[in-house]
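What follows is a short report on a single structure.
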Amino acid sequence: MPRVNFYTKKRRKIRFSKFAILMIIIIGIGIASYLFIDLFINSLYTQAISGQKNLLQNAGIYLSMRQDQIQNHLDAVINEYSKNIDIQSKILYQIKDYINGVNEFHSAVSLVRQMADNATFTVVSFSYSANSATPLIFSQIMDINNLNIADVERKIAEGEGYKFSVSGSQSQTWFKTYEQTVSIGGLK
Amino acid sequence: MVKTNLNIFSEFYVGIDIGRYKIDGVKIKHNGKRSDIIGVHSVPYSSKVFDGDELVNEDEIINGLVEIGKSLKIDIEDFITTAIFSDKVLFRQLKMPKMRNKKQIIEAAKFQIVKELSISSSNITVDVDLLGEGNGLSISTFIVRNEDIEKFKSFFVRSNLPVPDILDAGYFKFNYLLESKINHGLSFFAFEDSMSTYLQIFRNGRFLSIDSVTGGSEELRENNAVDARVHYLQLSDDIQRIARILISRYGLSNENIENFVCISERDEHLNEWVESLKEMDLGKVNDYYDFVSLKREIPAGAYSMAMRGALENAKGKFLHKKA
């Protein structure tokens, strides 16, 4: 049976409104897919890093000190401790590490520890930031035999709203969301 | 229960038959296997539109199309099938060697036609129907002048209707309801247009050829039974002659004619034609409506074309795929 058509172009047409709805659905599915993938990757990432021992670096949590401020105070600290070469060298060593970006967190916390160890100096300002909701585990600075050090760290964290908790006897954990600046004044 | 419609495209198919005496429109909804008639509307011309084959009053057609469009709520998404007047479509049967694809065949046919008729190929549109025969192809070629296509298209544009999706040949507009009924044996289908009458021959459901005789419904000037009897006796005689010629041309003289179906642009005296044809020993003669079991209030041409649109979009499974 012949089926002739003298219009060579045969196309189905749809209304513009239907076309617009279709486009919105397609774009919506695209965005939803993106968000889902993003969420999925994020959750995988969170899952992965929560199991890491070296949590701080993997989670992108950095302790930072503003160099101009800390330099002034460290100058004073160094001057104060100039009589004790050993302590001074230790502090300088930590500053060097910090400035070179080697193990930032550890260096900075060690610096605090060094400073807090001695009752004769004052830390006027100390700042660090966290960009993740992931709990901080300060296991590497815990020293159960040195209550003075633990107490200083605890004061720093709790003073700015971190919840301090001890899980087992191996770690101390502070929880806090998003970026924070901790200022410590008058530590003895 | 809420039925979810996930189809992007419309399920509505419209057949518009711009006839010699009226315009018919039929809208159907075709969903999978089921078709339902949604709307039927006919607009008879209030004044003379054709003088012989010549179109003399386009406005009457435009007005009719506008009315059909409103009545059937024709939408941009509806799939519209219509047919250009039969006398505007030229038929030629060609023989050619086998070719790879339809496009190539159309180009070759066009070349042949241009040579034969001495017309420019840029002025015509050609479509083909293929019938494989031995080493070569028997090609039914249908030719329309581009200016006729453009004029037909302009009717729709001027009526603010969407441009049709299919522009069929006028003498094929009834074919699509016949298809399933003429699967076996030799069948003829006669269509009386205003100035000519067209006769198609089918064998086992395949189209073989079409021919025409001069004489059509315009000769029925006096609308009375006696005139109709005389007219149809003459027409049936001519048709019988051409049927015999076709049978002999295709070497089918030893086959019985299974069905002979007829329809006219004017169906007031169709029964007269059936009666005259019955006297001609042309197999079982039926009028179209009886043959396809269609209610007489449904315009056959428009309905058949709407069905063509629907079936061509039903994943093509109803179509002949053979080249």
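Ordering of the structure tokens sets the chain letters (A, B, ...), residue numbers begin anew at 1 in every chain, and ligands are numbered from 1 in the order given.
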request  = Compile the residues of chain A that lie within 7 Å of chain B, evaluated using only C-alpha atoms, and express the compilation as a ChimeraX atom specification.
outcome  = /A:1-2,4-7,10-11,13-15
Store the residues picked out above, limited to N, CA and C atoms, as an mmCIF file, in the first residue's frame.
```
data_model
loop_
_atom_site.group_PDB
_atom_site.id
_atom_site.type_symbol
_atom_site.label_atom_id
_atom_site.label_comp_id
_atom_site.auth_asym_id
_atom_site.auth_seq_id
_atom_site.Cartn_x
_atom_site.Cartn_y
_atom_site.Cartn_z
ATOM 1 N N MET A 1 0.851 -1.200 0.000
ATOM 2 C CA MET A 1 0.000 0.000 0.000
ATOM 3 C C MET A 1 0.890 1.255 0.000
ATOM 4 N N PRO A 2 0.819 2.051 -1.027
ATOM 5 C CA PRO A 2 1.713 3.215 -1.062
ATOM 6 C C PRO A 2 1.380 4.194 0.060
ATOM 7 N N VAL A 4 2.472 7.695 0.371
ATOM 8 C CA VAL A 4 3.265 8.818 -0.132
ATOM 9 C C VAL A 4 3.104 10.013 0.792
ATOM 10 N N ASN A 5 4.160 10.789 0.857
ATOM 11 C CA ASN A 5 4.117 12.033 1.622
ATOM 12 C C ASN A 5 4.935 13.071 0.872
ATOM 13 N N PHE A 6 4.258 14.094 0.397
ATOM 14 C CA PHE A 6 4.961 15.109 -0.386
ATOM 15 C C PHE A 6 5.604 16.182 0.489
ATOM 16 N N TYR A 7 5.421 16.046 1.799
ATOM 17 C CA TYR A 7 6.224 16.851 2.720
ATOM 18 C C TYR A 7 7.367 15.964 3.143
ATOM 19 N N LYS A 10 8.970 15.345 8.156
ATOM 20 C CA LYS A 10 7.865 15.014 9.044
ATOM 21 C C LYS A 10 8.403 15.035 10.469
ATOM 22 N N ARG A 11 7.943 16.006 11.223
ATOM 23 C CA ARG A 11 8.442 16.128 12.595
ATOM 24 C C ARG A 11 7.280 16.238 13.556
ATOM 25 N N LYS A 13 5.612 17.847 16.754
ATOM 26 C CA LYS A 13 5.776 19.141 17.417
ATOM 27 C C LYS A 13 5.246 19.055 18.849
ATOM 28 N N ILE A 14 5.854 19.827 19.726
ATOM 29 C CA ILE A 14 5.284 19.914 21.068
ATOM 30 C C ILE A 14 5.137 21.378 21.437
ATOM 31 N N ARG A 15 4.198 21.633 22.329
ATOM 32 C CA ARG A 15 3.947 23.001 22.779
ATOM 33 C C ARG A 15 5.162 23.535 23.526
#
```
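Proximity to region 40-42 of chain B at 7 Å, evaluated using only C-alpha atoms and with sequence-adjacent residues fewer than 4 positions away removed, yields B:Lys22, B:Ile23, B:Asp24, B:Gly25, B:Val26, B:Lys27, B:Ile68, B:Ser71, B:Ile298.
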Would you put the residues from that selection into a file with C-alpha atoms, as a short mmCIF file (atom, residue, chain, number, x, y, z; two decimals), in the first residue's frame?
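Dumped to result_25.cif:
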```
data_model
loop_
_atom_site.label_atom_id
_atom_site.label_comp_id
_atom_site.auth_asym_id
_atom_site.auth_seq_id
_atom_site.Cartn_x
_atom_site.Cartn_y
_atom_site.Cartn_z
CA LYS B 22 -17.02 19.84 1.48
CA ILE B 23 -14.18 19.74 3.94
CA ASP B 24 -14.18 16.92 6.48
CA GLY B 25 -12.18 16.67 9.64
CA VAL B 26 -11.86 13.72 11.96
CA LYS B 27 -9.84 13.72 15.15
CA ILE B 68 -12.78 22.61 11.27
CA SER B 71 -14.58 22.58 16.03
CA ILE B 298 -18.10 9.44 9.70
#
```
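Between CA of Asp17 (chain B) and CA of Ser304 (chain B) there is a distance of 9.6 Å.
Here CA of Glu218 (chain B) and CA of Glu279 (chain B) stand 23.2 Å from one another.
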request  = With a distance cut-off of 7 Å and only C-alpha atoms, select the neighbouring residues of region 184-201 of chain B, excluding the residue or stretch itself and same-chain residues fewer than 4 positions from it, and output the selection as an MDAnalysis selection string.
outcome  = chainID B and resid 20 52:53 171 205 207:218 256:265
Residues within 8 Å of region 289-292 of chain B, only C-alpha atoms, excluding chain neighbours under 3 positions, as a list in words = Leu177, Leu178, Lys181, Val261, Asn286, Lys295, Arg296 and Ala300 of chain B
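Interatomic distance, CA of Ile106 (chain B) against CA of Met307 (chain B): 25.6 Å.
All residues in region 173-261 of chain B with a DSSP state of alpha helix (DSSP H), computed from the backbone, read Asn175, Tyr176, Leu177, Leu178, Ala225, Val226, Asp227, Ala228, Arg229, Val230, His231, Tyr232, Leu233, Gln234, Leu235, Ser236, Asp237, Asp238, Ile239, Gln240, Arg241, Ile242, Ala243, Arg244, Ile245, Leu246, Ile247, Ser248 and Arg249 of chain B.
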Serialized selection, N, CA and C atoms, as an mmCIF file, in the first residue's frame:
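Listing of part03.cif after writing:
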```cif
data_model
loop_
_atom_site.group_PDB
_atom_site.id
_atom_site.type_symbol
_atom_site.label_atom_id
_atom_site.label_comp_id
_atom_site.auth_asym_id
_atom_site.auth_seq_id
_atom_site.Cartn_x
_atom_site.Cartn_y
_atom_site.Cartn_z
ATOM 1 N N ASN B 175 -7.403 4.622 1.403
ATOM 2 C CA ASN B 175 -6.740 3.308 1.400
ATOM 3 C C ASN B 175 -6.531 2.677 2.770
ATOM 4 N N TYR B 176 -6.347 3.511 3.790
ATOM 5 C CA TYR B 176 -5.786 2.978 5.040
ATOM 6 C C TYR B 176 -6.773 2.158 5.869
ATOM 7 N N LEU B 177 -8.061 2.293 5.560
ATOM 8 C CA LEU B 177 -9.023 1.420 6.243
ATOM 9 C C LEU B 177 -9.208 0.123 5.456
ATOM 10 N N LEU B 178 -8.786 0.158 4.188
ATOM 11 C CA LEU B 178 -8.950 -1.006 3.327
ATOM 12 C C LEU B 178 -7.902 -2.073 3.622
ATOM 13 N N ALA B 225 -32.268 10.118 -9.577
ATOM 14 C CA ALA B 225 -31.873 8.714 -9.666
ATOM 15 C C ALA B 225 -31.679 8.256 -11.104
ATOM 16 N N VAL B 226 -32.490 8.800 -12.015
ATOM 17 C CA VAL B 226 -32.384 8.356 -13.418
ATOM 18 C C VAL B 226 -31.046 8.789 -14.002
ATOM 19 N N ASP B 227 -30.734 10.074 -13.801
ATOM 20 C CA ASP B 227 -29.448 10.578 -14.282
ATOM 21 C C ASP B 227 -28.295 9.804 -13.660
ATOM 22 N N ALA B 228 -28.441 9.551 -12.371
ATOM 23 C CA ALA B 228 -27.386 8.835 -11.656
ATOM 24 C C ALA B 228 -27.206 7.444 -12.260
ATOM 25 N N ARG B 229 -28.314 6.797 -12.578
ATOM 26 C CA ARG B 229 -28.267 5.445 -13.171
ATOM 27 C C ARG B 229 -27.502 5.477 -14.501
ATOM 28 N N VAL B 230 -27.845 6.458 -15.321
ATOM 29 C CA VAL B 230 -27.199 6.577 -16.635
ATOM 30 C C VAL B 230 -25.704 6.864 -16.452
ATOM 31 N N HIS B 231 -25.433 7.807 -15.569
ATOM 32 C CA HIS B 231 -24.035 8.194 -15.324
ATOM 33 C C HIS B 231 -23.209 6.996 -14.852
ATOM 34 N N TYR B 232 -23.751 6.267 -13.874
ATOM 35 C CA TYR B 232 -22.957 5.189 -13.288
ATOM 36 C C TYR B 232 -22.866 3.971 -14.209
ATOM 37 N N LEU B 233 -23.858 3.768 -15.053
ATOM 38 C CA LEU B 233 -23.740 2.680 -16.023
ATOM 39 C C LEU B 233 -22.574 2.940 -16.972
ATOM 40 N N GLN B 234 -22.493 4.182 -17.426
ATOM 41 C CA GLN B 234 -21.412 4.585 -18.323
ATOM 42 C C GLN B 234 -20.053 4.464 -17.611
ATOM 43 N N LEU B 235 -20.026 4.986 -16.377
ATOM 44 C CA LEU B 235 -18.770 4.979 -15.611
ATOM 45 C C LEU B 235 -18.329 3.546 -15.316
ATOM 46 N N SER B 236 -19.287 2.701 -14.945
ATOM 47 C CA SER B 236 -18.952 1.315 -14.613
ATOM 48 C C SER B 236 -18.407 0.591 -15.830
ATOM 49 N N ASP B 237 -18.949 0.913 -16.967
ATOM 50 C CA ASP B 237 -18.479 0.293 -18.195
ATOM 51 C C ASP B 237 -17.023 0.681 -18.458
ATOM 52 N N ASP B 238 -16.745 1.983 -18.289
ATOM 53 C CA ASP B 238 -15.363 2.462 -18.471
ATOM 54 C C ASP B 238 -14.425 1.815 -17.458
ATOM 55 N N ILE B 239 -14.905 1.738 -16.237
ATOM 56 C CA ILE B 239 -14.088 1.167 -15.157
ATOM 57 C C ILE B 239 -13.802 -0.314 -15.438
ATOM 58 N N GLN B 240 -14.848 -1.001 -15.905
ATOM 59 C CA GLN B 240 -14.683 -2.422 -16.215
ATOM 60 C C GLN B 240 -13.590 -2.614 -17.267
ATOM 61 N N ARG B 241 -13.630 -1.742 -18.262
ATOM 62 C CA ARG B 241 -12.649 -1.829 -19.339
ATOM 63 C C ARG B 241 -11.220 -1.664 -18.799
ATOM 64 N N ILE B 242 -11.088 -0.660 -17.988
ATOM 65 C CA ILE B 242 -9.739 -0.378 -17.464
ATOM 66 C C ILE B 242 -9.286 -1.480 -16.490
ATOM 67 N N ALA B 243 -10.243 -2.046 -15.768
ATOM 68 C CA ALA B 243 -9.913 -3.152 -14.862
ATOM 69 C C ALA B 243 -9.387 -4.343 -15.661
ATOM 70 N N ARG B 244 -10.048 -4.629 -16.777
ATOM 71 C CA ARG B 244 -9.612 -5.757 -17.628
ATOM 72 C C ARG B 244 -8.216 -5.489 -18.194
ATOM 73 N N ILE B 245 -7.983 -4.244 -18.578
ATOM 74 C CA ILE B 245 -6.653 -3.887 -19.114
ATOM 75 C C ILE B 245 -5.578 -4.119 -18.044
ATOM 76 N N LEU B 246 -5.877 -3.692 -16.824
ATOM 77 C CA LEU B 246 -4.901 -3.860 -15.733
ATOM 78 C C LEU B 246 -4.644 -5.338 -15.462
ATOM 79 N N ILE B 247 -5.728 -6.120 -15.466
ATOM 80 C CA ILE B 247 -5.592 -7.563 -15.206
ATOM 81 C C ILE B 247 -4.703 -8.192 -16.272
ATOM 82 N N SER B 248 -4.950 -7.793 -17.498
ATOM 83 C CA SER B 248 -4.168 -8.367 -18.578
ATOM 84 C C SER B 248 -2.719 -7.877 -18.515
ATOM 85 N N ARG B 249 -2.533 -6.619 -18.184
ATOM 86 C CA ARG B 249 -1.164 -6.060 -18.105
ATOM 87 C C ARG B 249 -0.313 -6.810 -17.084
#
```
Would you please give, as a PDB file with N, CA and C atoms, in the first residue's frame, all residues of region 213-265 of chain B that DSSP assigns to strand (DSSP E or B) based on the backbone?
```pdb
ATOM      1  N   VAL B 213     -10.048   7.011 -15.445  1.00  0.00           N
ATOM      2  CA  VAL B 213     -10.872   7.267 -16.632  1.00  0.00           C
ATOM      3  C   VAL B 213     -11.483   8.662 -16.473  1.00  0.00           C
ATOM      4  N   THR B 214     -11.765   9.280 -17.589  1.00  0.00           N
ATOM      5  CA  THR B 214     -12.404  10.594 -17.527  1.00  0.00           C
ATOM      6  C   THR B 214     -13.864  10.379 -17.126  1.00  0.00           C
ATOM      7  N   ILE B 257     -11.379 -12.076  -9.164  1.00  0.00           N
ATOM      8  CA  ILE B 257     -11.413 -10.818  -8.418  1.00  0.00           C
ATOM      9  C   ILE B 257     -12.157 -11.085  -7.105  1.00  0.00           C
ATOM     10  N   GLU B 258     -11.454 -10.847  -6.005  1.00  0.00           N
ATOM     11  CA  GLU B 258     -12.069 -11.096  -4.689  1.00  0.00           C
ATOM     12  C   GLU B 258     -13.019  -9.961  -4.305  1.00  0.00           C
ATOM     13  N   ASN B 259     -12.482  -8.758  -4.388  1.00  0.00           N
ATOM     14  CA  ASN B 259     -13.270  -7.614  -3.917  1.00  0.00           C
ATOM     15  C   ASN B 259     -13.221  -6.478  -4.919  1.00  0.00           C
ATOM     16  N   PHE B 260     -14.331  -5.814  -5.021  1.00  0.00           N
ATOM     17  CA  PHE B 260     -14.358  -4.581  -5.802  1.00  0.00           C
ATOM     18  C   PHE B 260     -15.059  -3.540  -4.928  1.00  0.00           C
ATOM     19  N   VAL B 261     -14.318  -2.525  -4.542  1.00  0.00           N
ATOM     20  CA  VAL B 261     -14.847  -1.542  -3.597  1.00  0.00           C
ATOM     21  C   VAL B 261     -14.909  -0.194  -4.283  1.00  0.00           C
ATOM     22  N   CYS B 262     -15.974   0.553  -4.026  1.00  0.00           N
ATOM     23  CA  CYS B 262     -16.064   1.865  -4.665  1.00  0.00           C
ATOM     24  C   CYS B 262     -16.532   2.936  -3.691  1.00  0.00           C
ATOM     25  N   ILE B 263     -16.126   4.140  -3.992  1.00  0.00           N
ATOM     26  CA  ILE B 263     -16.564   5.306  -3.205  1.00  0.00           C
ATOM     27  C   ILE B 263     -16.531   6.525  -4.113  1.00  0.00           C
ATOM     28  N   SER B 264     -17.331   7.518  -3.767  1.00  0.00           N
ATOM     29  CA  SER B 264     -17.383   8.722  -4.596  1.00  0.00           C
ATOM     30  C   SER B 264     -17.268   9.967  -3.724  1.00  0.00           C
TER      31      SER B 264
END
```
